[in-house]
Amino acid sequence: MKKALLLFALVLLAGIGLLAASHDSGLPEGYWDSPAASAGKAPHDWSNLETDLRPEACAQCHAEQFDAWKNTRHAAAYSSGLVGQFAAMGFESANDCLQCHAPLAEQLYSGNADMFASVTLKLAHPAGVVASGQSESKLPLRHSGVSCAVCHVRGWQRHGPPQRGTGAVGEVGGPAHDGFQATADFETSQFCASCHQFPQSMAINGKPLENTLEEWKQSRFAKEGVHCQQCHMPDRKHEFRGIHDAEMVKKGLKFELSERAGQAVFAITSTWIGHAFPTYVTPQIIVRAEALDAAGKSLQTWQWEIVREVYYNNGWQEKRDTRLMPGERREFVAEGIPEGAINIRYHVQVIPDHFYKGVYESLLSDSMQPVAAQHIRQAVRDAEGNDYLLYEKELKLTSSR
Ligand code: HEC
Ligand code: HEC
Ligand code: HEC
Ligand code: HEC
Ligand code: HEC
């Protein structure tokens, strides 16, 4: 009995010692400035699997994260629409784009020859990762875009959120890659900012092209402590679903359809979106109403667009901004319904890559290098395949006209 108590006290003491030694020092300074995953020498006693930074290698031990991440836009960030624009830019400007699409020092181009070889290689291997997670793929790390190591590895050291179960922060030991550095910084919106927030100095009409963190700061979600991860990585799942996912978008909105004083009233409320709907300048949402007669013939249509529209004319200009801010409710009223109409049909169409479709069209209208043109034509097919119908419903009119 005494022995057991003594043992208990010792364990307690050791526990306190551990707690005192590990405190949350946050992400290392400059985590997002010229990040390098493999800076310095790899620890000499590591296995090949531990020194392999490709996501297929992480997948051998972190299958759950890999299986979710491989289907995300992050995994596809080294896209045809991106690399198809590089040939005309040169590798230095291309590297500026990679600052968000594949930012590790190991992913950047060393010169134009490196860039052209990679862009050509991508034609033969359109997917950046091997879906099975088996490590037969030998594609360069940049092809996996916003890869595991982009968020988690600096100078061979793994960084992650507080350990699951124990909540331990600071240095956490483990059976592989010498454990990891745990910090609650992984759970904050600021973590996503280096790629999802442009500086205010690049504002157009007061707002940068990407203003997601600022929009979030002004929303009720910031006050309630609901960070990007809670919506985009629920229970730490690496889903990163956004405007390209109909179910995700539906989760963020409330739809109401009713008749009011002889008019059809459709309302959309942004209930669970931590930023503008949509936050980026590329998607467009089209709300359409159609008056139908007893035979189902269309008598009149109405249309509205939800979009932030910008164009280039001696610098970027904003044409309009009709996006919904967090919590905002907007009505789309079909006024002056014609005689003979018995139904009003509303539908909402989402075009996630609306802006890029225009970019691709104008690129293809000029002469392009064949490899680049092949990528851009692929990007057009990808973009068109992304359009979807978000909502469709008919309102039976009760008042006669
Ligand atoms: C040989 C197996 C193995 C490989 C390969 C591996 N890991 Fe790990 N990893 C582990 C183990 C085991 C832990 C410790 C889990 C714990 O203690 O909670 C861990 C922990 C982590 C954590 C911390 C999790 C947390 O709770 O914060 C991160 C992040 C991580 N690994 C990322 C990676 C990345 C990125 C790669 C690929 C570049 C990788 N790992 C490759 C086995 C592996
Ligand atoms: C500050 C970070 C950042 C930089 C720099 C950046 N992008 Fe992006 N890019 C994004 C984000 C975020 C998205 C996704 C937007 C969305 O869907 O909400 C995106 C989406 C895209 C897409 C559409 C999706 C796809 O991959 O096909 C293309 C094409 C693209 N970017 C090209 C470029 C090019 C070309 C450059 C350089 C001139 C560039 N980007 C620089 C952050 C960045
Ligand atoms: C865009 C950045 C990003 C990318 C890419 C990414 N992660 Fe993570 N990862 C995070 C964040 C942020 C968290 C913590 C989320 C939280 O705590 O809410 C996390 C958590 C984890 C954890 C801890 C999970 C747990 O349940 O405790 C592991 C392990 C991990 N990531 C491995 C990976 C692997 C493997 C990949 C690639 C297949 C990957 N991550 C890709 C940002 C990323
Ligand atoms: C290293 C840069 C980088 C970091 C860090 C990063 N992202 Fe991204 N994210 C991107 C890029 C680039 C894209 C667009 C990829 C594409 O489509 O080509 C993207 C796309 C997305 C999308 C999908 C958008 C859509 O159009 O459907 C979501 C959601 C997202 N990111 C959320 C997050 C969250 C949440 C975090 C922080 C935990 C985060 N990202 C951190 C670069 C980054
Ligand atoms: C309360 C939940 C919630 C929070 C918090 C949140 N988002 Fe979202 N986000 C959504 C929903 C729902 C969508 C889909 C609708 C849309 O596209 O606006 C979305 C879409 C996106 C998209 C797709 C592109 C677009 O134009 O809309 C990106 C990128 C994104 N979020 C990044 C972030 C980042 C970065 C943060 C943190 C600064 C964040 N989100 C915070 C719910 C949230």
# chains A, B, ... in the order shown; residues from 1 in each chain; ligands from 1
call {"tool": "residues_around", "arguments": {"residues": "Gln181 in chain A", "least_positions_apart": "6", "cutoff": "8 Å", "atoms": "only C-alpha atoms", "output": "number ranges by chain"}}
result
A: 157-160, 169-172
call {"tool": "write_last_selection", "arguments": {"atoms": "N, CA, C and O atoms", "output": "compact mmCIF listing (two decimals), in the first residue's frame"}}
result
# COMPACT_ATOMS: atom_id res chain seq x y z
N GLN A 157 11.46 19.39 -38.44
CA GLN A 157 10.61 19.31 -37.25
C GLN A 157 9.13 19.31 -37.64
O GLN A 157 8.70 20.18 -38.41
N ARG A 158 8.36 18.36 -37.10
CA ARG A 158 6.90 18.38 -37.28
C ARG A 158 6.29 19.35 -36.28
O ARG A 158 6.68 19.36 -35.10
N HIS A 159 5.36 20.16 -36.74
CA HIS A 159 4.60 21.08 -35.88
C HIS A 159 3.13 20.72 -35.99
O HIS A 159 2.66 20.41 -37.09
N GLY A 160 2.41 20.79 -34.90
CA GLY A 160 0.99 20.47 -34.94
C GLY A 160 0.24 21.11 -33.79
O GLY A 160 0.81 21.83 -32.97
N VAL A 169 1.27 20.72 -24.95
CA VAL A 169 1.86 21.68 -25.88
C VAL A 169 3.37 21.68 -25.69
O VAL A 169 3.89 21.06 -24.77
N GLY A 170 4.07 22.42 -26.56
CA GLY A 170 5.53 22.43 -26.50
C GLY A 170 6.07 21.15 -27.13
O GLY A 170 5.46 20.60 -28.03
N GLU A 171 7.22 20.69 -26.64
CA GLU A 171 7.82 19.49 -27.22
C GLU A 171 7.10 18.25 -26.75
O GLU A 171 6.98 18.00 -25.57
N VAL A 172 6.61 17.48 -27.70
CA VAL A 172 5.93 16.24 -27.37
C VAL A 172 6.71 15.10 -28.00
O VAL A 172 6.95 15.11 -29.22
call {"tool": "residues_near_ligand", "arguments": {"ligand": "ligand 2", "cutoff": "6 Å", "atoms": "only C-alpha atoms and all ligand atoms", "output": "PyMOL selection string"}}
result
chain A and resi 77+79+81-82+85+96-97+99-100+195-196+198+280
call {"tool": "residues_near_ligand", "arguments": {"ligand": "ligand 1", "cutoff": "9 Å", "atoms": "only C-alpha atoms and all ligand atoms", "output": "PyMOL selection string"}}
result
chain A and resi 37+47-62+147-153+156+158-169+172-183+186
call {"tool": "residues_around", "arguments": {"residues": "His354 in chain A", "least_positions_apart": "3", "cutoff": "6 Å", "atoms": "only C-alpha atoms", "output": "PyMOL selection string"}}
result
chain A and resi 282-284+351+357
call {"tool": "write_last_selection", "arguments": {"atoms": "C-alpha atoms", "output": "compact mmCIF listing (two decimals), in the first residue's frame"}}
result
# COMPACT_ATOMS: atom_id res chain seq x y z
CA THR A 282 -13.91 34.44 -58.39
CA PRO A 283 -17.29 32.79 -57.69
CA GLN A 284 -20.62 34.10 -58.94
CA ILE A 351 -20.40 29.17 -60.67
CA LYS A 357 -13.42 31.21 -66.97
call {"tool": "residues_near_ligand", "arguments": {"ligand": "ligand 5", "cutoff": "6 Å", "atoms": "only C-alpha atoms and all ligand atoms", "output": "ChimeraX atom specification"}}
result
/A:189,192,196,212-213,216,221,226-228,231,242-243,248-249,251-252,272-274,277-280,283
call {"tool": "residues_around", "arguments": {"residues": "Glu290 in chain A", "least_positions_apart": "3", "cutoff": "7 Å", "atoms": "only C-alpha atoms", "output": "list in words"}}
result
Ser298, Gln300, Thr301, Trp302, Ile344, Arg345 and Tyr346 of chain A
call {"tool": "residues_around", "arguments": {"residues": "range 142-145 of chain A", "least_positions_apart": "6", "cutoff": "9 Å", "atoms": "only C-alpha atoms", "output": "list in words"}}
result
Arg54, Pro55, Lys70, Arg73, His74, Ala75, Ala76, Ala77, Tyr78, Ser79, Leu98, Cys100, His101, Ala102, Pro103, Leu104, Glu106, Gln107, Leu108, Ser118, Lys122, Pro126, Ala127, Gly128 and Val129 of chain A
call {"tool": "closest_residue", "arguments": {"among": "A:Pro338, A:Gly327, A:Pro35, A:Pro234", "to": "ligand 3", "atoms": "only C-alpha atoms and all ligand atoms"}}
result
A:Pro234
call {"tool": "select_by_dssp", "arguments": {"residues": "range 33-112 of chain A", "states": "helix (DSSP H, G or I)", "output": "NGL selection string"}}
result
:A and (48-51 or 55-58 or 63-69 or 80-83 or 91-101 or 112)
call {"tool": "closest_residue", "arguments": {"among": "A:Glu361, A:Glu331, A:Asp245, A:Glu305", "to": "ligand 4", "atoms": "only C-alpha atoms and all ligand atoms"}}
result
A:Asp245
